[in-house]
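A.B. asks: File data-v3.cif below, mmCIF, C-alpha atoms:
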```cif
data_structure
loop_
_atom_site.group_PDB
_atom_site.id
_atom_site.type_symbol
_atom_site.label_atom_id
_atom_site.label_comp_id
_atom_site.auth_asym_id
_atom_site.auth_seq_id
_atom_site.Cartn_x
_atom_site.Cartn_y
_atom_site.Cartn_z
ATOM 1 C CA MET U 1148 -90.339 129.172 -16.526
ATOM 2 C CA PRO U 1149 -87.154 128.754 -14.445
ATOM 3 C CA LEU U 1150 -84.834 131.694 -14.191
ATOM 4 C CA ALA U 1151 -81.713 131.690 -16.352
ATOM 5 C CA TRP U 1152 -79.407 131.926 -13.351
ATOM 6 C CA ALA U 1153 -80.941 128.761 -11.951
ATOM 7 C CA GLN U 1154 -80.096 126.805 -15.091
ATOM 8 C CA GLU U 1155 -76.358 127.311 -15.055
ATOM 9 C CA PRO U 1156 -73.736 128.491 -12.573
ATOM 10 C CA ALA U 1157 -72.483 132.043 -12.548
ATOM 11 C CA ALA U 1158 -69.230 132.652 -14.387
ATOM 12 C CA PHE U 1159 -66.249 131.808 -12.207
ATOM 13 C CA ASP U 1160 -63.646 134.556 -11.843
ATOM 14 C CA PRO U 1161 -64.604 136.210 -15.154
ATOM 15 C CA GLN U 1162 -61.718 138.672 -14.784
ATOM 16 C CA ILE U 1163 -59.273 135.769 -15.242
ATOM 17 C CA ARG U 1164 -59.479 135.174 -18.963
ATOM 18 C CA ASN U 1165 -57.700 132.565 -21.034
ATOM 19 C CA ASN U 1166 -58.055 130.800 -24.339
ATOM 20 C CA ALA U 1167 -57.323 127.234 -25.370
ATOM 21 C CA LEU U 1168 -56.449 125.359 -28.545
ATOM 22 C CA ALA U 1169 -56.120 121.624 -29.140
ATOM 23 C CA VAL U 1170 -55.222 119.803 -32.366
ATOM 24 C CA ASN U 1171 -55.999 116.106 -32.721
ATOM 25 C CA PRO U 1172 -53.160 113.606 -33.350
ATOM 26 C CA ALA U 1173 -54.182 113.196 -37.010
ATOM 27 C CA GLU U 1174 -53.857 116.983 -37.479
ATOM 28 C CA THR U 1175 -57.265 117.150 -39.133
ATOM 29 C CA LEU U 1176 -59.282 118.807 -36.391
ATOM 30 C CA ALA U 1177 -58.745 121.782 -34.081
ATOM 31 C CA LEU U 1178 -60.841 122.855 -31.106
ATOM 32 C CA ALA U 1179 -60.706 126.420 -29.838
ATOM 33 C CA GLY U 1180 -62.246 128.110 -26.828
ATOM 34 C CA ASN U 1181 -62.213 131.270 -24.763
ATOM 35 C CA SER U 1182 -63.271 131.377 -21.127
ATOM 36 C CA SER U 1183 -65.520 134.383 -21.814
ATOM 37 C CA ARG U 1184 -67.850 132.465 -24.135
ATOM 38 C CA GLY U 1185 -69.945 129.356 -23.614
ATOM 39 C CA THR U 1186 -69.128 127.487 -26.808
ATOM 40 C CA LEU U 1187 -66.139 125.771 -28.381
ATOM 41 C CA LEU U 1188 -65.336 126.100 -32.073
ATOM 42 C CA ALA U 1189 -64.379 123.038 -34.130
ATOM 43 C CA TYR U 1190 -62.291 123.568 -37.287
ATOM 44 C CA ASP U 1191 -61.519 121.302 -40.221
ATOM 45 C CA LEU U 1192 -57.764 121.860 -40.649
ATOM 46 C CA ARG U 1193 -57.617 120.277 -44.112
ATOM 47 C CA ALA U 1194 -60.442 122.344 -45.562
ATOM 48 C CA GLY U 1195 -59.456 125.377 -43.503
ATOM 49 C CA LYS U 1196 -62.943 126.179 -42.301
ATOM 50 C CA LEU U 1197 -65.216 126.187 -39.275
ATOM 51 C CA LEU U 1198 -67.123 122.929 -38.829
ATOM 52 C CA ARG U 1199 -69.441 123.692 -35.921
ATOM 53 C CA GLU U 1200 -69.933 125.250 -32.511
ATOM 54 C CA LEU U 1201 -70.260 123.073 -29.441
ATOM 55 C CA PRO U 1202 -72.577 124.633 -26.823
ATOM 56 C CA GLY U 1203 -73.204 124.050 -23.157
ATOM 57 C CA PHE U 1204 -70.135 125.537 -21.438
ATOM 58 C CA VAL U 1205 -69.872 128.502 -19.077
ATOM 59 C CA THR U 1206 -66.153 129.239 -18.698
ATOM 60 C CA PRO U 1207 -64.256 126.560 -20.637
ATOM 61 C CA ARG U 1208 -60.594 126.665 -19.621
ATOM 62 C CA ASN U 1209 -58.593 123.925 -21.354
ATOM 63 C CA ILE U 1210 -58.985 121.235 -24.008
ATOM 64 C CA VAL U 1211 -56.901 118.087 -24.544
ATOM 65 C CA PHE U 1212 -57.320 115.174 -26.966
ATOM 66 C CA SER U 1213 -56.849 111.545 -25.999
ATOM 67 C CA PRO U 1214 -53.787 109.906 -27.631
ATOM 68 C CA ASP U 1215 -55.984 108.124 -30.190
ATOM 69 C CA GLY U 1216 -57.912 111.311 -30.979
ATOM 70 C CA GLU U 1217 -61.290 109.681 -30.421
ATOM 71 C CA ARG U 1218 -62.141 111.781 -27.372
ATOM 72 C CA PHE U 1219 -61.344 115.137 -25.889
ATOM 73 C CA TYR U 1220 -61.570 116.539 -22.371
ATOM 74 C CA VAL U 1221 -62.707 120.052 -21.449
ATOM 75 C CA SER U 1222 -62.356 121.744 -18.049
ATOM 76 C CA ASP U 1223 -64.988 124.315 -17.055
ATOM 77 C CA SER U 1224 -64.188 126.414 -13.988
ATOM 78 C CA SER U 1225 -67.757 127.634 -13.413
ATOM 79 C CA LYS U 1226 -69.373 124.222 -13.733
ATOM 80 C CA GLY U 1227 -66.503 122.794 -11.681
ATOM 81 C CA VAL U 1228 -66.109 119.777 -13.948
ATOM 82 C CA VAL U 1229 -64.088 117.999 -16.566
ATOM 83 C CA GLU U 1230 -66.231 116.768 -19.447
ATOM 84 C CA ARG U 1231 -65.456 113.872 -21.784
ATOM 85 C CA TRP U 1232 -66.594 114.304 -25.385
ATOM 86 C CA HIS U 1233 -66.610 111.902 -28.314
ATOM 87 C CA ALA U 1234 -64.923 113.561 -31.305
ATOM 88 C CA GLY U 1235 -66.688 111.508 -33.979
ATOM 89 C CA SER U 1236 -70.258 112.047 -32.838
ATOM 90 C CA TRP U 1237 -69.750 115.423 -31.101
ATOM 91 C CA THR U 1238 -71.522 114.142 -28.012
ATOM 92 C CA ARG U 1239 -70.823 114.835 -24.354
ATOM 93 C CA GLU U 1240 -70.275 111.377 -22.841
ATOM 94 C CA ALA U 1241 -69.619 112.119 -19.185
ATOM 95 C CA SER U 1242 -68.935 114.814 -16.611
ATOM 96 C CA LEU U 1243 -66.690 114.474 -13.562
ATOM 97 C CA ALA U 1244 -66.899 116.861 -10.597
ATOM 98 C CA ILE U 1245 -63.599 118.601 -9.782
ATOM 99 C CA GLY U 1246 -64.888 121.668 -7.960
ATOM 100 C CA PRO U 1247 -65.342 125.321 -8.986
ATOM 101 C CA GLY U 1248 -62.067 126.631 -10.335
ATOM 102 C CA ALA U 1249 -61.093 123.662 -12.556
ATOM 103 C CA PHE U 1250 -58.538 125.195 -14.913
ATOM 104 C CA GLY U 1251 -55.466 123.866 -16.719
ATOM 105 C CA THR U 1252 -55.235 120.186 -17.638
ATOM 106 C CA ALA U 1253 -52.529 117.787 -18.829
ATOM 107 C CA LEU U 1254 -52.568 114.158 -19.959
ATOM 108 C CA ASN U 1255 -49.823 111.632 -19.401
ATOM 109 C CA ARG U 1256 -48.453 109.980 -22.543
ATOM 110 C CA ASP U 1257 -50.605 106.830 -22.523
ATOM 111 C CA GLY U 1258 -53.753 108.764 -21.722
ATOM 112 C CA SER U 1259 -54.503 106.951 -18.482
ATOM 113 C CA ARG U 1260 -54.297 110.004 -16.220
ATOM 114 C CA LEU U 1261 -55.543 113.550 -16.450
ATOM 115 C CA TYR U 1262 -54.099 116.160 -14.102
ATOM 116 C CA VAL U 1263 -56.348 119.150 -13.364
ATOM 117 C CA ASN U 1264 -55.292 122.435 -11.768
ATOM 118 C CA ASN U 1265 -57.892 124.055 -9.516
ATOM 119 C CA GLN U 1266 -57.292 127.789 -9.257
ATOM 120 C CA ALA U 1267 -59.846 128.380 -6.494
ATOM 121 C CA ALA U 1268 -58.939 125.485 -4.212
ATOM 122 C CA GLY U 1269 -55.177 125.712 -4.767
ATOM 123 C CA SER U 1270 -55.145 122.029 -5.619
ATOM 124 C CA LEU U 1271 -54.203 119.450 -8.233
ATOM 125 C CA THR U 1272 -56.747 116.726 -8.986
ATOM 126 C CA VAL U 1273 -55.525 113.419 -10.389
ATOM 127 C CA VAL U 1274 -58.137 111.683 -12.556
ATOM 128 C CA ASN U 1275 -58.015 107.986 -13.423
ATOM 129 C CA LEU U 1276 -59.459 108.094 -16.937
ATOM 130 C CA PRO U 1277 -60.141 104.378 -17.579
ATOM 131 C CA GLN U 1278 -62.162 104.270 -14.345
ATOM 132 C CA TRP U 1279 -63.406 107.870 -14.757
ATOM 133 C CA LYS U 1280 -62.880 108.770 -11.134
ATOM 134 C CA VAL U 1281 -60.784 111.087 -8.982
ATOM 135 C CA GLU U 1282 -57.708 109.207 -7.805
ATOM 136 C CA LYS U 1283 -56.306 111.858 -5.483
ATOM 137 C CA VAL U 1284 -56.417 115.583 -4.709
ATOM 138 C CA LEU U 1285 -53.119 117.279 -3.814
ATOM 139 C CA THR U 1286 -53.244 120.615 -1.971
ATOM 140 C CA GLY U 1287 -50.824 123.408 -1.146
ATOM 141 C CA PHE U 1288 -50.669 125.202 -4.500
ATOM 142 C CA ALA U 1289 -51.221 128.948 -5.024
ATOM 143 C CA GLN U 1290 -53.564 129.872 -7.877
ATOM 144 C CA PRO U 1291 -52.587 127.127 -10.320
ATOM 145 C CA ARG U 1292 -54.075 128.244 -13.611
ATOM 146 C CA GLN U 1293 -53.402 127.215 -17.202
ATOM 147 C CA GLY U 1294 -49.773 126.184 -16.847
ATOM 148 C CA ILE U 1295 -49.319 122.465 -16.253
ATOM 149 C CA LYS U 1296 -47.162 119.899 -18.055
ATOM 150 C CA VAL U 1297 -46.204 116.250 -17.618
ATOM 151 C CA SER U 1298 -42.617 115.188 -18.305
ATOM 152 C CA PRO U 1299 -42.232 112.945 -21.384
ATOM 153 C CA ASP U 1300 -41.485 109.923 -19.185
ATOM 154 C CA GLY U 1301 -44.589 110.623 -17.103
ATOM 155 C CA GLY U 1302 -42.605 110.802 -13.884
ATOM 156 C CA THR U 1303 -43.022 114.483 -13.022
ATOM 157 C CA VAL U 1304 -45.921 116.912 -13.191
ATOM 158 C CA PHE U 1305 -44.941 120.593 -13.385
ATOM 159 C CA VAL U 1306 -47.594 122.914 -11.923
ATOM 160 C CA THR U 1307 -47.382 126.696 -12.225
ATOM 161 C CA ASN U 1308 -48.436 128.833 -9.271
ATOM 162 C CA PHE U 1309 -49.461 132.276 -10.485
ATOM 163 C CA LEU U 1310 -49.462 133.552 -6.905
ATOM 164 C CA GLY U 1311 -45.871 133.470 -5.743
ATOM 165 C CA ASP U 1312 -44.463 132.964 -9.246
ATOM 166 C CA LYS U 1313 -43.175 129.456 -8.743
ATOM 167 C CA ILE U 1314 -43.387 126.006 -10.316
ATOM 168 C CA THR U 1315 -44.150 122.987 -8.141
ATOM 169 C CA LEU U 1316 -42.777 119.581 -9.109
ATOM 170 C CA VAL U 1317 -45.004 116.599 -8.323
ATOM 171 C CA ASP U 1318 -43.775 112.999 -8.237
ATOM 172 C CA ALA U 1319 -46.351 111.192 -10.401
ATOM 173 C CA ALA U 1320 -45.624 107.772 -8.905
ATOM 174 C CA LYS U 1321 -45.917 108.829 -5.271
ATOM 175 C CA LEU U 1322 -48.384 111.661 -5.961
ATOM 176 C CA LYS U 1323 -46.464 113.991 -3.695
ATOM 177 C CA THR U 1324 -44.863 117.388 -4.244
ATOM 178 C CA HIS U 1325 -41.095 117.237 -3.872
ATOM 179 C CA ALA U 1326 -39.550 120.490 -5.129
ATOM 180 C CA GLU U 1327 -40.186 124.074 -6.206
ATOM 181 C CA VAL U 1328 -38.574 126.467 -8.671
ATOM 182 C CA GLY U 1329 -38.868 130.246 -8.258
ATOM 183 C CA GLY U 1330 -37.508 133.376 -9.879
ATOM 184 C CA PHE U 1331 -40.310 134.194 -12.338
ATOM 185 C CA ASP U 1332 -42.321 137.363 -13.005
ATOM 186 C CA LYS U 1333 -46.051 136.863 -13.718
ATOM 187 C CA LEU U 1334 -45.495 133.252 -14.660
ATOM 188 C CA ARG U 1335 -47.617 131.992 -17.546
ATOM 189 C CA ALA U 1336 -47.222 129.000 -19.878
ATOM 190 C CA ILE U 1337 -44.477 126.380 -19.631
ATOM 191 C CA SER U 1338 -42.948 123.709 -21.885
ATOM 192 C CA VAL U 1339 -40.748 120.711 -21.104
ATOM 193 C CA SER U 1340 -37.951 119.344 -23.295
ATOM 194 C CA GLY U 1341 -38.026 115.828 -24.732
ATOM 195 C CA ASP U 1342 -35.451 114.563 -22.252
ATOM 196 C CA GLY U 1343 -37.244 116.210 -19.330
ATOM 197 C CA ARG U 1344 -34.127 118.056 -18.191
ATOM 198 C CA SER U 1345 -35.135 121.544 -19.356
ATOM 199 C CA LEU U 1346 -38.227 123.599 -18.707
ATOM 200 C CA PHE U 1347 -39.144 126.867 -20.411
ATOM 201 C CA ALA U 1348 -41.458 129.486 -18.920
ATOM 202 C CA ALA U 1349 -43.049 132.755 -20.038
ATOM 203 C CA ASN U 1350 -42.727 135.820 -17.786
ATOM 204 C CA SER U 1351 -45.418 138.294 -18.830
ATOM 205 C CA GLY U 1352 -44.241 140.803 -16.212
ATOM 206 C CA ALA U 1353 -40.662 140.958 -17.495
ATOM 207 C CA ASP U 1354 -41.213 140.296 -21.221
ATOM 208 C CA THR U 1355 -38.844 137.345 -21.065
ATOM 209 C CA LEU U 1356 -38.664 133.581 -21.366
ATOM 210 C CA SER U 1357 -36.777 131.601 -18.724
ATOM 211 C CA TRP U 1358 -34.778 128.394 -19.172
ATOM 212 C CA VAL U 1359 -34.898 126.158 -16.102
ATOM 213 C CA ASP U 1360 -32.416 123.345 -15.513
ATOM 214 C CA VAL U 1361 -34.714 120.748 -13.980
ATOM 215 C CA PRO U 1362 -32.099 118.628 -12.139
ATOM 216 C CA SER U 1363 -30.727 121.671 -10.271
ATOM 217 C CA ARG U 1364 -34.115 123.455 -10.042
ATOM 218 C CA THR U 1365 -32.584 126.754 -11.168
ATOM 219 C CA VAL U 1366 -33.193 129.355 -13.855
ATOM 220 C CA ILE U 1367 -30.007 129.286 -15.917
ATOM 221 C CA LYS U 1368 -30.861 131.735 -18.718
ATOM 222 C CA THR U 1369 -33.403 134.375 -19.728
ATOM 223 C CA VAL U 1370 -34.077 135.951 -23.102
ATOM 224 C CA LYS U 1371 -35.974 139.114 -23.983
ATOM 225 C CA VAL U 1372 -38.994 138.616 -26.241
ATOM 226 C CA GLY U 1373 -42.084 140.688 -27.162
ATOM 227 C CA GLN U 1374 -44.535 142.489 -24.929
ATOM 228 C CA GLU U 1375 -46.490 140.389 -22.404
ATOM 229 C CA PRO U 1376 -45.453 136.874 -23.426
ATOM 230 C CA TYR U 1377 -48.024 134.293 -22.380
ATOM 231 C CA GLY U 1378 -46.727 131.382 -24.432
ATOM 232 C CA ALA U 1379 -43.493 129.426 -24.154
ATOM 233 C CA ALA U 1380 -44.129 126.783 -26.784
ATOM 234 C CA LEU U 1381 -41.407 124.283 -27.647
ATOM 235 C CA ARG U 1382 -41.834 122.668 -31.035
ATOM 236 C CA PRO U 1383 -41.498 118.866 -31.303
ATOM 237 C CA ASP U 1384 -37.989 118.785 -32.785
ATOM 238 C CA GLY U 1385 -36.684 120.873 -29.851
ATOM 239 C CA ARG U 1386 -34.819 123.317 -32.104
ATOM 240 C CA PHE U 1387 -36.913 126.424 -31.479
ATOM 241 C CA LEU U 1388 -39.074 127.942 -28.772
ATOM 242 C CA TYR U 1389 -41.893 130.415 -29.497
ATOM 243 C CA SER U 1390 -43.376 133.069 -27.226
ATOM 244 C CA GLY U 1391 -46.960 134.203 -27.803
ATOM 245 C CA ASN U 1392 -46.753 137.954 -27.186
ATOM 246 C CA LEU U 1393 -50.185 139.286 -26.208
ATOM 247 C CA LYS U 1394 -49.411 143.005 -26.532
ATOM 248 C CA SER U 1395 -46.975 142.758 -29.467
ATOM 249 C CA ASN U 1396 -49.391 140.602 -31.511
ATOM 250 C CA SER U 1397 -46.441 138.435 -32.464
ATOM 251 C CA LEU U 1398 -44.422 135.287 -31.862
ATOM 252 C CA THR U 1399 -40.766 135.668 -30.956
ATOM 253 C CA VAL U 1400 -38.609 132.836 -32.343
ATOM 254 C CA VAL U 1401 -35.925 131.644 -29.912
ATOM 255 C CA SER U 1402 -33.239 129.238 -31.109
ATOM 256 C CA LEU U 1403 -31.984 126.353 -28.987
ATOM 257 C CA PRO U 1404 -29.576 125.570 -27.431
ATOM 258 C CA ALA U 1405 -28.251 129.109 -27.993
ATOM 259 C CA PHE U 1406 -31.399 130.531 -26.336
ATOM 260 C CA LYS U 1407 -31.318 133.639 -28.497
ATOM 261 C CA ALA U 1408 -34.152 135.514 -30.200
ATOM 262 C CA VAL U 1409 -33.647 135.012 -33.939
ATOM 263 C CA GLY U 1410 -36.838 136.366 -35.432
ATOM 264 C CA GLU U 1411 -40.333 137.724 -35.004
ATOM 265 C CA ILE U 1412 -43.490 136.467 -36.707
ATOM 266 C CA THR U 1413 -46.157 139.169 -36.918
ATOM 267 C CA GLY U 1414 -49.773 139.487 -38.001
ATOM 268 C CA PHE U 1415 -51.545 137.883 -35.041
ATOM 269 C CA SER U 1416 -54.234 139.376 -32.833
ATOM 270 C CA GLY U 1417 -53.695 138.891 -29.112
ATOM 271 C CA PRO U 1418 -51.842 135.537 -29.173
ATOM 272 C CA ARG U 1419 -51.410 133.909 -25.761
ATOM 273 C CA GLN U 1420 -50.394 130.404 -24.750
ATOM 274 C CA ALA U 1421 -52.647 128.623 -27.265
ATOM 275 C CA ILE U 1422 -50.028 127.384 -29.761
ATOM 276 C CA SER U 1423 -49.918 123.895 -31.315
ATOM 277 C CA PHE U 1424 -47.431 122.275 -33.708
ATOM 278 C CA SER U 1425 -47.473 119.665 -36.438
ATOM 279 C CA ARG U 1426 -45.508 116.515 -35.606
ATOM 280 C CA ASP U 1427 -42.878 117.332 -38.238
ATOM 281 C CA SER U 1428 -42.320 120.816 -36.707
ATOM 282 C CA GLY U 1429 -43.035 122.476 -40.027
ATOM 283 C CA LYS U 1430 -46.279 124.143 -39.053
ATOM 284 C CA ALA U 1431 -47.860 125.901 -36.089
ATOM 285 C CA TRP U 1432 -51.427 126.820 -35.305
ATOM 286 C CA VAL U 1433 -51.858 129.962 -33.197
ATOM 287 C CA LEU U 1434 -55.148 131.058 -31.677
ATOM 288 C CA ASN U 1435 -56.129 134.705 -32.104
ATOM 289 C CA GLU U 1436 -58.295 136.549 -29.594
ATOM 290 C CA ASP U 1437 -61.383 136.273 -31.838
ATOM 291 C CA LEU U 1438 -60.905 132.452 -31.900
ATOM 292 C CA GLY U 1439 -59.668 132.481 -35.461
ATOM 293 C CA ILE U 1440 -56.639 130.251 -36.051
ATOM 294 C CA ALA U 1441 -53.507 131.504 -37.791
ATOM 295 C CA GLU U 1442 -51.628 128.736 -39.614
ATOM 296 C CA VAL U 1443 -47.891 129.440 -39.673
ATOM 297 C CA ASP U 1444 -45.169 128.087 -41.955
ATOM 298 C CA LEU U 1445 -42.303 127.839 -39.471
ATOM 299 C CA THR U 1446 -39.610 127.633 -42.151
ATOM 300 C CA ARG U 1447 -40.812 130.822 -43.825
ATOM 301 C CA LYS U 1448 -41.705 132.391 -40.461
ATOM 302 C CA ALA U 1449 -44.979 133.628 -41.888
ATOM 303 C CA ILE U 1450 -48.736 133.180 -41.561
ATOM 304 C CA VAL U 1451 -49.967 131.320 -44.639
ATOM 305 C CA ARG U 1452 -53.708 131.328 -43.908
ATOM 306 C CA VAL U 1453 -56.217 132.214 -41.223
ATOM 307 C CA LEU U 1454 -59.166 130.013 -40.346
ATOM 308 C CA ALA U 1455 -62.077 132.364 -39.687
ATOM 309 C CA PRO U 1456 -64.361 131.902 -36.655
ATOM 310 C CA ALA U 1457 -67.503 132.094 -38.808
ATOM 311 C CA ALA U 1458 -69.034 129.651 -41.262
ATOM 312 C CA GLY U 1459 -68.534 130.393 -44.929
#
```
Can you turn what I pasted into structure tokens?

C.D. replies:
Amino acid sequence: MPLAWAQEPAAFDPQIRNNALAVNPAETLALAGNSSRGTLLAYDLRAGKLLRELPGFVTPRNIVFSPDGERFYVSDSSKGVVERWHAGSWTREASLAIGPGAFGTALNRDGSRLYVNNQAAGSLTVVNLPQWKVEKVLTGFAQPRQGIKVSPDGGTVFVTNFLGDKITLVDAAKLKTHAEVGGFDKLRAISVSGDGRSLFAANSGADTLSWVDVPSRTVIKTVKVGQEPYGAALRPDGRFLYSGNLKSNSLTVVSLPAFKAVGEITGFSGPRQAISFSRDSGKAWVLNEDLGIAEVDLTRKAIVRVLAPAAG
């Protein structure tokens, strides 16, 4: 019988832990994962219950759905791959080698490109999804982890560098880096406004959120939030920003454009950057540390139900 360690790679950087949450475009299905466990959990959002566990991972890092919701992509830093899964049949269709350290991922709007941070190699891998091949690997980053976003027009990729606390801007047409923004403190998740002119970032070292003016590449405002904010989640209507406060077990509600804290939603357990919104901005889904999902009524600023990470 082959040894267990020969069957799968050792966990990659197990001390760097993160969780991930993805909701499909139809808002009927949610996928949740934690890098410390080898399965993903699939939830039925309408019924409010766990559907199944998907096995075969080592350290799953991020999950994104295709624009049509038929497929989803999972990065695994220990296996050094991005996997393509079919959401209807729950089958793993393909695996693409990225290299150990594959971490945060982001899709462009039409779903033709997937951008993959590699924390170990300090690189950004550009994947051509229709051809299922690596298009280019950009180097020169410093521990790019979970934080990566594509501007709404697809023209710029924003990559967080945990080492050095800076954000690198990549020209998506030329596939070249062209600018950096600094001034953060233990930089975590980021969000980009609908017009692409504003970027919001969580500073877990300073318990603040930063507002970056993208054209001038400068931090123009900061606001105090809860303890150890990992999330800086901008809801679709652009009216409010939410920090996922790991140590406070809360979300701080920040109004825009005033950029002022106007409320606190409590009752979570170790929320981080894994926050998703309904298209109408009325609802949020927040991942707890046990991989249960708290469903939040954003008008009432309250948790209305919790989807448990166990069947029944």

A.B. asks: Please evaluate the PyMOL selection byres ((chain U and resi 1212) around 10) against the structure above and give the resulting residues as a PDB file with C-alpha atoms, in the frame of the given file.

C.D. replies:
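Final file, part08.pdb:
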```pdb
ATOM      1  CA  ALA U1169     -56.120 121.624 -29.140  1.00  0.00           C
ATOM      2  CA  VAL U1170     -55.222 119.803 -32.366  1.00  0.00           C
ATOM      3  CA  ASN U1171     -55.999 116.106 -32.721  1.00  0.00           C
ATOM      4  CA  PRO U1172     -53.160 113.606 -33.350  1.00  0.00           C
ATOM      5  CA  ALA U1177     -58.745 121.782 -34.081  1.00  0.00           C
ATOM      6  CA  LEU U1178     -60.841 122.855 -31.106  1.00  0.00           C
ATOM      7  CA  ILE U1210     -58.985 121.235 -24.008  1.00  0.00           C
ATOM      8  CA  VAL U1211     -56.901 118.087 -24.544  1.00  0.00           C
ATOM      9  CA  SER U1213     -56.849 111.545 -25.999  1.00  0.00           C
ATOM     10  CA  PRO U1214     -53.787 109.906 -27.631  1.00  0.00           C
ATOM     11  CA  ASP U1215     -55.984 108.124 -30.190  1.00  0.00           C
ATOM     12  CA  GLY U1216     -57.912 111.311 -30.979  1.00  0.00           C
ATOM     13  CA  GLU U1217     -61.290 109.681 -30.421  1.00  0.00           C
ATOM     14  CA  ARG U1218     -62.141 111.781 -27.372  1.00  0.00           C
ATOM     15  CA  PHE U1219     -61.344 115.137 -25.889  1.00  0.00           C
ATOM     16  CA  TYR U1220     -61.570 116.539 -22.371  1.00  0.00           C
ATOM     17  CA  VAL U1221     -62.707 120.052 -21.449  1.00  0.00           C
ATOM     18  CA  ARG U1231     -65.456 113.872 -21.784  1.00  0.00           C
ATOM     19  CA  TRP U1232     -66.594 114.304 -25.385  1.00  0.00           C
ATOM     20  CA  HIS U1233     -66.610 111.902 -28.314  1.00  0.00           C
ATOM     21  CA  ALA U1234     -64.923 113.561 -31.305  1.00  0.00           C
ATOM     22  CA  ALA U1253     -52.529 117.787 -18.829  1.00  0.00           C
ATOM     23  CA  LEU U1254     -52.568 114.158 -19.959  1.00  0.00           C
ATOM     24  CA  GLY U1258     -53.753 108.764 -21.722  1.00  0.00           C
TER      25      GLY U1258
END
```

A.B. asks: Provide the atom CA of Gly1251 of chain U to atom CA of Asp1342 of chain U distance in Å, to one decimal place.

C.D. replies: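 Atom-to-atom, atom CA of Gly1251 of chain U to atom CA of Asp1342 of chain U, that is 22.8 Å.
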
A.B. asks: Starting from the displayed file, determine the output of the PyMOL selection byres ((chain U and resi 1332) around 8) and express the residue list as number ranges by chain.

C.D. replies: U: 1312, 1330-1331, 1333-1334, 1350-1353

A.B. asks: Which is closest to Asn1255 of chain U among U:Gly1269, U:Gly1195, U:Gly1385, U:Pro1299, if we use all atoms listed in the file?

C.D. replies: U:Pro1299

A.B. asks: Apply the PyMOL selection byres ((chain U and resi 1388) around 9) to the structure shown and report the selected residues as a ChimeraX atom specification.

C.D. replies: /U:1338,1347,1379-1382,1385-1387,1389-1390,1399-1403,1406

A.B. asks: Could you jot down the atom CA of Thr1315 of chain U to atom CA of Val1328 of chain U separation for me, Å, one decimal place?

C.D. replies: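 That distance, rounded to one decimal, is 6.6 Å.
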
A.B. asks: Residues proximal to (-49.4, 139.2, -31.4) were defined as those with any atom within 10 Å of that point in the file's coordinates, counting only C-alpha atoms. Which are they, as an MDAnalysis selection string?

C.D. replies: chainID U and resid 1373:1376 1390:1399 1411:1419 1433:1436

A.B. asks: Just give me the gap between atom CA of Ala1158 of chain U and atom CA of Ser1183 of chain U in Å, one decimal is fine.

C.D. replies: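 Atom CA of Ala1158 of chain U sits 8.5 Å away from atom CA of Ser1183 of chain U.
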
A.B. asks: Within 9 Å of Gly1185 of chain U, counting all atoms listed in the file, which residues qualify if same-chain residues fewer than 6 places away don't, as number ranges by chain?

C.D. replies: U: 1201-1207

A.B. asks: Compute the distance from (-53.7, 117.9, -7.3) to each atom, counting only C-alpha atoms, keep the residues with any atom at most 9 Å away, and return them as a PyMOL selection string; use the coordinates of the file.

C.D. replies: chain U and resi 1262-1265+1269-1273+1283-1288+1317+1322-1323

A.B. asks: What lies within 6 Å of Trp1358 of chain U using only C-alpha atoms, ignoring chain neighbours under 2 positions off, as an NGL selection string?

C.D. replies: :U and (1346-1347 or 1366-1368)

A.B. asks: For segment 1430-1432 of chain U, please output as a list in words all residues within 9 Å (counting only C-alpha atoms; exclusion window: fewer than 6 positions along the same chain).

C.D. replies: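 The residues that qualify are Leu1168, Val1170, Ala1177, Arg1382, Ala1421, Ile1422, Ser1423, Phe1424, Ile1440, Ala1441, Glu1442, Val1443, Asp1444, Leu1445 and Thr1446 of chain U.
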